[in-house]
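> This is the structure I want to talk about, given as structure tokens.
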Number of protein chains: 2
Amino acid sequence: MDTSQRQVQRTAAEQRRRELLEAADRVVLRDGPEASMNAIAAEAGITKPILYRHFGDKSGLYRALAKRHTDALLATLRAALDKPNDRRDRVEATLHAYLAAIEARPQVYRFLMHPAEDAADGEKGFDFGGHSAPLLRRMGEELAKVIAERLELGPDSEALARVWGHGIVGMMHAAGDWWLAERPTSRDELVRHLADLLWGRLAAAADRPGAPAL
Amino acid sequence: MDTSQRQVQRTAAEQRRRELLEAADRVVLRDGPEASMNAIAAEAGITKPILYRHFGDKSGLYRALAKRHTDALLATLRAALDKPNDRRDRVEATLHAYLAAIEARPQVYRFLMHPAEDAADGEKGFDFGGHSAPLLRRMGEELAKVIAERLELGPDSEALARVWGHGIVGMMHAAGDWWLAERPTSRDELVRHLADLLWGRLAAAADRPGAPAL
DNA sequence: AGACTCGTGTTACCGCAAGTAACCAGCAGG
DNA sequence: CCTGCTGGTTACTTGCGGTAACACGAGTCT
């Protein structure tokens, strides 16, 4: 078996892997994250063991699946962040992009945030609190990078940027999660209110007379 | 069997239930959220079926367990929020209380945020994105109430307060989760940086010269 | 040609956890 | 003595993740 053959086999394997991921995607989007390996294998027209050959175990498959979607989402977020010119507009555009994404495909969202857990501990033994939802972490780190690169934040800008990155992402996530479940207002209004929060309106607001202060 | 007997039996059942929850708590804290019903039953000195008699199914037990811890955490947060006098101090104290709690008992934290899922759909069929972690939602709603009560926010204060409530809680959660996993700085610094974010420092920061604007 | 060895696939199994059915013991009260 | 209730058990079913062992086809080496 010469090298060109190995080559073609490797790419064939990758092709196969992609197909399997497509199938897994379909069934996960249909049945939710608790889809069984049997179901996925069936959808792909094969049986369990070859799934295991390709992905090791369930969390391997889920990681691969999550990576695809996470990459895609991050790309659209980056794009949204780089279009407008005013800072407030950038922030609002990014929030909008995120919310539009989760609104358009809640199943994907649910899967990404809630990867059926058990973790399997990629490497280290402990991993407290890591709760295996890498999407939030990746978004947080990404945003932290942008903040640290582009803003003048004084001495400990490094730490500050990371805290802010994760904090803002968390804000977006929790608000989006709640909004998606209850739909209490329009997307525009939600975005405006979140941006207001980041713009310090909480700190600036007046105490309501007669009530205990905040 | 007269009514007083029924009474004593009911309280006895509740007593038993409490004991079972204690046992479940111990084993969940020891083995993590993937603790088996068998293990919990064993810890309580009994066998599975009576666990099922008391809690219906696994998620029933987990809900009961989560409620206890959630109530406790919320109580300490409320206390922290009502002690100081300056608004900034209130915010920082609350953040501190939350972070101290998750730092002190990461297992509890992990369990609350990551309830081994499967949900079982309390009532409705759909429940997208509900991801069965009621702690965040409850904290968000609670905070929203406080904000709406105490702050003068103009016409749509209702909507605004809820968005902010969930947003702030999400910020706290994501930052805390990241911090707990990586421990990049002290708790004090984290709290300060988060409060700075809420105080609008992101909006006020200067662009770094030479870099693309944000 | 025949033996070798991959890559791909299958069937059939193991172990384990959730959840349930059926049975059992003690004790009230007619 | 029988009846019924309450708290308990044993033993089962079902379903899933994961694996072992085997089978077939095609290219490769001698």
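Convention: chains lettered A, B, ... in structure tokens order; per-chain residue numbering from 1; ligands numbered from 1 as shown.
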Restrict the distance test to only C-alpha atoms (C1' of nucleotides), flag each residue of chain C within 10 Å of chain A, and return the flagged residues as a PyMOL selection string.
chain C and resi 6-10
> Against chain A, which residues of chain B fall within 6 Å? For each one I want the closest pair of atoms and the distance in Å (one decimal), counting only C-alpha atoms, rows by chain and increasing residue number, as JSON lines.

{"residue": "B:Arg87", "atom": "CA", "partner": "A:Leu214", "partner_atom": "CA", "distance": 5.2}
{"residue": "B:Arg110", "atom": "CA", "partner": "A:Gly129", "partner_atom": "CA", "distance": 5.4}
{"residue": "B:Gly129", "atom": "CA", "partner": "A:Arg110", "partner_atom": "CA", "distance": 5.1}
{"residue": "B:Arg150", "atom": "CA", "partner": "A:Arg208", "partner_atom": "CA", "distance": 5.2}
{"residue": "B:Leu151", "atom": "CA", "partner": "A:Arg208", "partner_atom": "CA", "distance": 4.7}
{"residue": "B:Glu152", "atom": "CA", "partner": "A:Arg208", "partner_atom": "CA", "distance": 4.8}
{"residue": "B:His166", "atom": "CA", "partner": "A:Ala175", "partner_atom": "CA", "distance": 5.2}
{"residue": "B:Gly167", "atom": "CA", "partner": "A:Met171", "partner_atom": "CA", "distance": 4.2}
{"residue": "B:Ile168", "atom": "CA", "partner": "A:Met171", "partner_atom": "CA", "distance": 5.9}
{"residue": "B:Gly170", "atom": "CA", "partner": "A:Met171", "partner_atom": "CA", "distance": 4.4}
{"residue": "B:Met171", "atom": "CA", "partner": "A:Gly167", "partner_atom": "CA", "distance": 4.2}
{"residue": "B:Ala174", "atom": "CA", "partner": "A:Gly170", "partner_atom": "CA", "distance": 4.7}
{"residue": "B:Ala175", "atom": "CA", "partner": "A:Gly167", "partner_atom": "CA", "distance": 5.0}
{"residue": "B:Leu198", "atom": "CA", "partner": "A:Gly200", "partner_atom": "CA", "distance": 5.7}
{"residue": "B:Trp199", "atom": "CA", "partner": "A:Gly200", "partner_atom": "CA", "distance": 4.6}
{"residue": "B:Gly200", "atom": "CA", "partner": "A:Gly200", "partner_atom": "CA", "distance": 3.8}
{"residue": "B:Ala203", "atom": "CA", "partner": "A:Trp199", "partner_atom": "CA", "distance": 5.4}
{"residue": "B:Ala206", "atom": "CA", "partner": "A:Glu152", "partner_atom": "CA", "distance": 5.5}
{"residue": "B:Asp207", "atom": "CA", "partner": "A:Leu151", "partner_atom": "CA", "distance": 4.7}
{"residue": "B:Arg208", "atom": "CA", "partner": "A:Leu151", "partner_atom": "CA", "distance": 4.7}
{"residue": "B:Ala211", "atom": "CA", "partner": "A:Arg150", "partner_atom": "CA", "distance": 5.5}
{"residue": "B:Leu214", "atom": "CA", "partner": "A:Arg87", "partner_atom": "CA", "distance": 5.2}
> After a least-squares superposition on chain A using every in-order C-alpha pair, I'd like chain B written out as a PDB file with C-alpha atoms, in the first residue's frame.

ATOM      1  CA  MET B   1       0.007  -0.237  -0.275  1.00  0.00           C
ATOM      2  CA  ASP B   2       1.918   2.900  -1.276  1.00  0.00           C
ATOM      3  CA  THR B   3       1.662   6.322   0.305  1.00  0.00           C
ATOM      4  CA  SER B   4      -0.892   7.743  -2.122  1.00  0.00           C
ATOM      5  CA  GLN B   5      -3.172   4.895  -1.196  1.00  0.00           C
ATOM      6  CA  ARG B   6      -2.739   5.639   2.463  1.00  0.00           C
ATOM      7  CA  GLN B   7      -3.537   9.230   1.669  1.00  0.00           C
ATOM      8  CA  VAL B   8      -6.746   8.413  -0.094  1.00  0.00           C
ATOM      9  CA  GLN B   9      -7.716   6.109   2.702  1.00  0.00           C
ATOM     10  CA  ARG B  10      -7.129   8.728   5.330  1.00  0.00           C
ATOM     11  CA  THR B  11      -9.245  11.260   3.511  1.00  0.00           C
ATOM     12  CA  ALA B  12     -11.859   8.603   2.948  1.00  0.00           C
ATOM     13  CA  ALA B  13     -11.943   7.988   6.680  1.00  0.00           C
ATOM     14  CA  GLU B  14     -12.326  11.687   7.316  1.00  0.00           C
ATOM     15  CA  GLN B  15     -15.069  11.820   4.757  1.00  0.00           C
ATOM     16  CA  ARG B  16     -16.833   8.960   6.513  1.00  0.00           C
ATOM     17  CA  ARG B  17     -16.396  10.699   9.819  1.00  0.00           C
ATOM     18  CA  ARG B  18     -18.006  13.805   8.421  1.00  0.00           C
ATOM     19  CA  GLU B  19     -20.947  11.782   7.155  1.00  0.00           C
ATOM     20  CA  LEU B  20     -21.368  10.175  10.528  1.00  0.00           C
ATOM     21  CA  LEU B  21     -21.356  13.564  12.174  1.00  0.00           C
ATOM     22  CA  GLU B  22     -24.015  14.762   9.758  1.00  0.00           C
ATOM     23  CA  ALA B  23     -26.194  11.822  10.670  1.00  0.00           C
ATOM     24  CA  ALA B  24     -25.599  12.315  14.372  1.00  0.00           C
ATOM     25  CA  ASP B  25     -26.487  15.932  13.935  1.00  0.00           C
ATOM     26  CA  ARG B  26     -29.773  15.121  12.273  1.00  0.00           C
ATOM     27  CA  VAL B  27     -30.871  12.713  14.974  1.00  0.00           C
ATOM     28  CA  VAL B  28     -29.697  14.877  17.854  1.00  0.00           C
ATOM     29  CA  LEU B  29     -31.593  17.780  16.388  1.00  0.00           C
ATOM     30  CA  ARG B  30     -34.638  15.580  16.052  1.00  0.00           C
ATOM     31  CA  ASP B  31     -34.553  13.645  19.330  1.00  0.00           C
ATOM     32  CA  GLY B  32     -32.636  15.960  21.598  1.00  0.00           C
ATOM     33  CA  PRO B  33     -29.360  15.257  23.369  1.00  0.00           C
ATOM     34  CA  GLU B  34     -30.570  12.003  24.880  1.00  0.00           C
ATOM     35  CA  ALA B  35     -30.467  10.361  21.476  1.00  0.00           C
ATOM     36  CA  SER B  36     -29.096   6.857  21.762  1.00  0.00           C
ATOM     37  CA  MET B  37     -26.023   5.611  19.999  1.00  0.00           C
ATOM     38  CA  ASN B  38     -28.171   2.968  18.372  1.00  0.00           C
ATOM     39  CA  ALA B  39     -30.460   5.596  16.925  1.00  0.00           C
ATOM     40  CA  ILE B  40     -27.549   7.590  15.575  1.00  0.00           C
ATOM     41  CA  ALA B  41     -25.976   4.516  14.065  1.00  0.00           C
ATOM     42  CA  ALA B  42     -29.265   3.571  12.468  1.00  0.00           C
ATOM     43  CA  GLU B  43     -29.669   7.037  10.986  1.00  0.00           C
ATOM     44  CA  ALA B  44     -26.204   6.701   9.505  1.00  0.00           C
ATOM     45  CA  GLY B  45     -27.202   3.344   8.072  1.00  0.00           C
ATOM     46  CA  ILE B  46     -24.742   1.315  10.120  1.00  0.00           C
ATOM     47  CA  THR B  47     -24.371  -0.173  13.581  1.00  0.00           C
ATOM     48  CA  LYS B  48     -22.909   0.876  16.874  1.00  0.00           C
ATOM     49  CA  PRO B  49     -19.394  -0.555  16.878  1.00  0.00           C
ATOM     50  CA  ILE B  50     -18.204   1.496  13.953  1.00  0.00           C
ATOM     51  CA  LEU B  51     -19.457   4.618  15.644  1.00  0.00           C
ATOM     52  CA  TYR B  52     -17.281   3.629  18.558  1.00  0.00           C
ATOM     53  CA  ARG B  53     -14.375   2.977  16.250  1.00  0.00           C
ATOM     54  CA  HIS B  54     -14.596   6.533  15.006  1.00  0.00           C
ATOM     55  CA  PHE B  55     -15.339   8.453  18.161  1.00  0.00           C
ATOM     56  CA  GLY B  56     -14.212   6.311  21.055  1.00  0.00           C
ATOM     57  CA  ASP B  57     -17.263   6.821  23.185  1.00  0.00           C
ATOM     58  CA  LYS B  58     -20.406   8.839  23.363  1.00  0.00           C
ATOM     59  CA  SER B  59     -18.832  11.908  24.797  1.00  0.00           C
ATOM     60  CA  GLY B  60     -16.241  11.763  22.046  1.00  0.00           C
ATOM     61  CA  LEU B  61     -18.946  11.950  19.452  1.00  0.00           C
ATOM     62  CA  TYR B  62     -20.683  14.704  21.339  1.00  0.00           C
ATOM     63  CA  ARG B  63     -17.502  16.687  21.638  1.00  0.00           C
ATOM     64  CA  ALA B  64     -16.929  16.442  17.908  1.00  0.00           C
ATOM     65  CA  LEU B  65     -20.489  17.504  17.249  1.00  0.00           C
ATOM     66  CA  ALA B  66     -20.287  20.370  19.692  1.00  0.00           C
ATOM     67  CA  LYS B  67     -17.082  21.608  18.162  1.00  0.00           C
ATOM     68  CA  ARG B  68     -18.698  21.980  14.763  1.00  0.00           C
ATOM     69  CA  HIS B  69     -21.564  24.052  16.059  1.00  0.00           C
ATOM     70  CA  THR B  70     -19.412  26.029  18.419  1.00  0.00           C
ATOM     71  CA  ASP B  71     -17.029  26.947  15.644  1.00  0.00           C
ATOM     72  CA  ALA B  72     -19.888  28.023  13.452  1.00  0.00           C
ATOM     73  CA  LEU B  73     -21.496  30.143  16.127  1.00  0.00           C
ATOM     74  CA  LEU B  74     -18.234  31.789  17.047  1.00  0.00           C
ATOM     75  CA  ALA B  75     -17.635  32.669  13.425  1.00  0.00           C
ATOM     76  CA  THR B  76     -20.965  34.444  13.076  1.00  0.00           C
ATOM     77  CA  LEU B  77     -20.367  36.261  16.348  1.00  0.00           C
ATOM     78  CA  ARG B  78     -16.977  37.482  15.215  1.00  0.00           C
ATOM     79  CA  ALA B  79     -18.486  38.700  11.997  1.00  0.00           C
ATOM     80  CA  ALA B  80     -21.217  40.571  13.834  1.00  0.00           C
ATOM     81  CA  LEU B  81     -18.695  42.167  16.135  1.00  0.00           C
ATOM     82  CA  ASP B  82     -16.578  43.509  13.326  1.00  0.00           C
ATOM     83  CA  LYS B  83     -19.200  45.108  11.176  1.00  0.00           C
ATOM     84  CA  PRO B  84     -20.517  48.219  12.915  1.00  0.00           C
ATOM     85  CA  ASN B  85     -18.462  51.268  13.758  1.00  0.00           C
ATOM     86  CA  ASP B  86     -19.742  52.556  17.055  1.00  0.00           C
ATOM     87  CA  ARG B  87     -18.900  50.574  20.169  1.00  0.00           C
ATOM     88  CA  ARG B  88     -22.427  50.430  21.373  1.00  0.00           C
ATOM     89  CA  ASP B  89     -23.502  49.201  17.966  1.00  0.00           C
ATOM     90  CA  ARG B  90     -20.878  46.493  18.010  1.00  0.00           C
ATOM     91  CA  VAL B  91     -22.089  45.218  21.322  1.00  0.00           C
ATOM     92  CA  GLU B  92     -25.693  45.293  20.270  1.00  0.00           C
ATOM     93  CA  ALA B  93     -24.953  43.593  16.970  1.00  0.00           C
ATOM     94  CA  THR B  94     -23.125  40.789  18.705  1.00  0.00           C
ATOM     95  CA  LEU B  95     -25.908  40.289  21.205  1.00  0.00           C
ATOM     96  CA  HIS B  96     -28.359  40.261  18.355  1.00  0.00           C
ATOM     97  CA  ALA B  97     -26.399  37.674  16.456  1.00  0.00           C
ATOM     98  CA  TYR B  98     -26.210  35.402  19.455  1.00  0.00           C
ATOM     99  CA  LEU B  99     -29.874  35.680  20.291  1.00  0.00           C
ATOM    100  CA  ALA B 100     -30.897  35.198  16.695  1.00  0.00           C
ATOM    101  CA  ALA B 101     -28.830  32.042  16.532  1.00  0.00           C
ATOM    102  CA  ILE B 102     -30.299  30.463  19.634  1.00  0.00           C
ATOM    103  CA  GLU B 103     -33.753  31.546  18.605  1.00  0.00           C
ATOM    104  CA  ALA B 104     -33.411  30.039  15.175  1.00  0.00           C
ATOM    105  CA  ARG B 105     -32.253  26.642  16.393  1.00  0.00           C
ATOM    106  CA  PRO B 106     -33.096  26.042  20.019  1.00  0.00           C
ATOM    107  CA  GLN B 107     -32.318  22.354  19.705  1.00  0.00           C
ATOM    108  CA  VAL B 108     -28.741  23.099  18.783  1.00  0.00           C
ATOM    109  CA  TYR B 109     -28.543  25.576  21.595  1.00  0.00           C
ATOM    110  CA  ARG B 110     -29.914  23.133  24.093  1.00  0.00           C
ATOM    111  CA  PHE B 111     -27.479  20.518  22.948  1.00  0.00           C
ATOM    112  CA  LEU B 112     -24.490  22.804  23.197  1.00  0.00           C
ATOM    113  CA  MET B 113     -25.294  24.069  26.645  1.00  0.00           C
ATOM    114  CA  HIS B 114     -26.397  20.769  28.005  1.00  0.00           C
ATOM    115  CA  PRO B 115     -24.178  18.051  26.590  1.00  0.00           C
ATOM    116  CA  ALA B 116     -25.811  15.139  28.385  1.00  0.00           C
ATOM    117  CA  GLU B 117     -22.876  15.419  30.760  1.00  0.00           C
ATOM    118  CA  ASP B 118     -20.884  12.651  32.412  1.00  0.00           C
ATOM    119  CA  ALA B 119     -17.874  14.552  31.083  1.00  0.00           C
ATOM    120  CA  ALA B 120     -15.394  11.681  31.080  1.00  0.00           C
ATOM    121  CA  ASP B 121     -12.778  14.186  32.213  1.00  0.00           C
ATOM    122  CA  GLY B 122     -10.784  15.035  29.152  1.00  0.00           C
ATOM    123  CA  GLU B 123      -7.493  14.933  31.026  1.00  0.00           C
ATOM    124  CA  LYS B 124      -7.166  15.741  34.698  1.00  0.00           C
ATOM    125  CA  GLY B 125      -8.935  13.808  37.361  1.00  0.00           C
ATOM    126  CA  PHE B 126     -10.723  16.557  39.154  1.00  0.00           C
ATOM    127  CA  ASP B 127     -12.244  19.257  37.040  1.00  0.00           C
ATOM    128  CA  PHE B 128     -14.738  20.648  39.532  1.00  0.00           C
ATOM    129  CA  GLY B 129     -17.384  22.832  38.092  1.00  0.00           C
ATOM    130  CA  GLY B 130     -16.010  22.303  34.629  1.00  0.00           C
ATOM    131  CA  HIS B 131     -19.484  21.146  33.760  1.00  0.00           C
ATOM    132  CA  SER B 132     -18.454  20.175  30.324  1.00  0.00           C
ATOM    133  CA  ALA B 133     -20.094  23.028  28.447  1.00  0.00           C
ATOM    134  CA  PRO B 134     -17.117  24.386  26.611  1.00  0.00           C
ATOM    135  CA  LEU B 135     -19.137  26.784  24.543  1.00  0.00           C
ATOM    136  CA  LEU B 136     -19.427  29.357  27.294  1.00  0.00           C
ATOM    137  CA  ARG B 137     -15.758  29.099  28.118  1.00  0.00           C
ATOM    138  CA  ARG B 138     -14.659  29.455  24.561  1.00  0.00           C
ATOM    139  CA  MET B 139     -16.890  32.451  23.979  1.00  0.00           C
ATOM    140  CA  GLY B 140     -15.591  34.009  27.167  1.00  0.00           C
ATOM    141  CA  GLU B 141     -11.976  33.548  26.221  1.00  0.00           C
ATOM    142  CA  GLU B 142     -12.593  34.807  22.732  1.00  0.00           C
ATOM    143  CA  LEU B 143     -14.276  37.931  23.959  1.00  0.00           C
ATOM    144  CA  ALA B 144     -11.535  38.450  26.514  1.00  0.00           C
ATOM    145  CA  LYS B 145      -8.997  38.401  23.747  1.00  0.00           C
ATOM    146  CA  VAL B 146     -10.874  41.025  21.786  1.00  0.00           C
ATOM    147  CA  ILE B 147     -11.254  43.238  24.812  1.00  0.00           C
ATOM    148  CA  ALA B 148      -7.628  42.956  25.822  1.00  0.00           C
ATOM    149  CA  GLU B 149      -6.471  43.698  22.295  1.00  0.00           C
ATOM    150  CA  ARG B 150      -8.593  46.671  21.633  1.00  0.00           C
ATOM    151  CA  LEU B 151      -9.130  48.447  24.921  1.00  0.00           C
ATOM    152  CA  GLU B 152      -6.857  50.539  27.059  1.00  0.00           C
ATOM    153  CA  LEU B 153      -7.445  49.225  30.552  1.00  0.00           C
ATOM    154  CA  GLY B 154      -4.466  50.181  32.659  1.00  0.00           C
ATOM    155  CA  PRO B 155      -2.112  47.858  34.543  1.00  0.00           C
ATOM    156  CA  ASP B 156      -3.988  44.612  35.080  1.00  0.00           C
ATOM    157  CA  SER B 157      -5.770  44.731  31.762  1.00  0.00           C
ATOM    158  CA  GLU B 158      -5.078  41.036  31.284  1.00  0.00           C
ATOM    159  CA  ALA B 159      -7.071  39.893  34.297  1.00  0.00           C
ATOM    160  CA  LEU B 160      -9.716  42.532  33.812  1.00  0.00           C
ATOM    161  CA  ALA B 161     -10.355  41.535  30.219  1.00  0.00           C
ATOM    162  CA  ARG B 162     -10.797  37.899  31.059  1.00  0.00           C
ATOM    163  CA  VAL B 163     -13.174  38.617  33.896  1.00  0.00           C
ATOM    164  CA  TRP B 164     -15.183  40.865  31.651  1.00  0.00           C
ATOM    165  CA  GLY B 165     -15.141  38.399  28.812  1.00  0.00           C
ATOM    166  CA  HIS B 166     -16.579  35.608  30.889  1.00  0.00           C
ATOM    167  CA  GLY B 167     -18.892  37.944  32.726  1.00  0.00           C
ATOM    168  CA  ILE B 168     -20.411  39.431  29.614  1.00  0.00           C
ATOM    169  CA  VAL B 169     -20.805  36.063  27.967  1.00  0.00           C
ATOM    170  CA  GLY B 170     -22.524  34.770  31.070  1.00  0.00           C
ATOM    171  CA  MET B 171     -24.857  37.716  31.099  1.00  0.00           C
ATOM    172  CA  MET B 172     -25.754  37.090  27.490  1.00  0.00           C
ATOM    173  CA  HIS B 173     -26.224  33.413  28.096  1.00  0.00           C
ATOM    174  CA  ALA B 174     -28.460  33.619  31.149  1.00  0.00           C
ATOM    175  CA  ALA B 175     -30.557  36.407  29.739  1.00  0.00           C
ATOM    176  CA  GLY B 176     -30.878  34.553  26.469  1.00  0.00           C
ATOM    177  CA  ASP B 177     -31.807  31.324  28.152  1.00  0.00           C
ATOM    178  CA  TRP B 178     -34.503  32.989  30.176  1.00  0.00           C
ATOM    179  CA  TRP B 179     -35.760  34.949  27.222  1.00  0.00           C
ATOM    180  CA  LEU B 180     -35.901  31.886  25.009  1.00  0.00           C
ATOM    181  CA  ALA B 181     -37.958  30.027  27.567  1.00  0.00           C
ATOM    182  CA  GLU B 182     -40.393  32.807  28.437  1.00  0.00           C
ATOM    183  CA  ARG B 183     -40.298  35.179  25.500  1.00  0.00           C
ATOM    184  CA  PRO B 184     -41.264  38.129  27.633  1.00  0.00           C
ATOM    185  CA  THR B 185     -40.229  40.813  25.129  1.00  0.00           C
ATOM    186  CA  SER B 186     -38.872  41.366  21.662  1.00  0.00           C
ATOM    187  CA  ARG B 187     -35.295  40.635  20.786  1.00  0.00           C
ATOM    188  CA  ASP B 188     -34.607  44.284  20.151  1.00  0.00           C
ATOM    189  CA  GLU B 189     -35.756  45.350  23.552  1.00  0.00           C
ATOM    190  CA  LEU B 190     -33.781  42.609  25.247  1.00  0.00           C
ATOM    191  CA  VAL B 191     -30.657  43.687  23.418  1.00  0.00           C
ATOM    192  CA  ARG B 192     -31.176  47.314  24.337  1.00  0.00           C
ATOM    193  CA  HIS B 193     -31.719  46.518  27.980  1.00  0.00           C
ATOM    194  CA  LEU B 194     -28.631  44.358  28.183  1.00  0.00           C
ATOM    195  CA  ALA B 195     -26.542  47.022  26.520  1.00  0.00           C
ATOM    196  CA  ASP B 196     -27.953  49.552  28.969  1.00  0.00           C
ATOM    197  CA  LEU B 197     -26.807  47.339  31.790  1.00  0.00           C
ATOM    198  CA  LEU B 198     -23.309  47.170  30.371  1.00  0.00           C
ATOM    199  CA  TRP B 199     -23.381  50.900  29.923  1.00  0.00           C
ATOM    200  CA  GLY B 200     -23.712  51.410  33.641  1.00  0.00           C
ATOM    201  CA  ARG B 201     -27.353  52.305  33.946  1.00  0.00           C
ATOM    202  CA  LEU B 202     -27.682  50.116  37.005  1.00  0.00           C
ATOM    203  CA  ALA B 203     -25.092  52.141  38.843  1.00  0.00           C
ATOM    204  CA  ALA B 204     -26.569  55.405  37.663  1.00  0.00           C
ATOM    205  CA  ALA B 205     -30.235  54.705  38.413  1.00  0.00           C
ATOM    206  CA  ALA B 206     -31.900  56.627  41.214  1.00  0.00           C
ATOM    207  CA  ASP B 207     -33.228  54.939  44.310  1.00  0.00           C
ATOM    208  CA  ARG B 208     -36.960  54.682  44.384  1.00  0.00           C
ATOM    209  CA  PRO B 209     -38.287  56.974  47.091  1.00  0.00           C
ATOM    210  CA  GLY B 210     -39.851  55.167  50.036  1.00  0.00           C
ATOM    211  CA  ALA B 211     -38.231  51.843  49.288  1.00  0.00           C
ATOM    212  CA  PRO B 212     -35.109  50.541  50.940  1.00  0.00           C
ATOM    213  CA  ALA B 213     -32.066  51.714  49.030  1.00  0.00           C
ATOM    214  CA  LEU B 214     -30.106  49.593  46.656  1.00  0.00           C
TER     215      LEU B 214
END
> Residues of chain D within 9 Å of chain B, counting only C-alpha atoms (C1' of nucleotides) - could you list those as JSON, numbers by chain?
{"D": [7, 8, 9]}
> Per DSSP on the backbone, what are the alpha helix (DSSP H) residues of stretch 22-113 of chain A, as a PyMOL selection string?
chain A and resi 22-31+37-43+48-55+58-82+87-104+106-113
> What does the distance between atom C1' of C:DG2 and atom C1' of D:DC22 come to in Å, to one decimal place?
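One can read the atom C1' of C:DG2 to atom C1' of D:DC22 distance as 22.3 Å.
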> If you run DSSP on the backbone here, which positions in stretch 144-213 of chain B get strand (DSSP E or B)? Please write them as a list of chain:residue names.
B:Leu151, B:Glu152, B:Ala206, B:Asp207
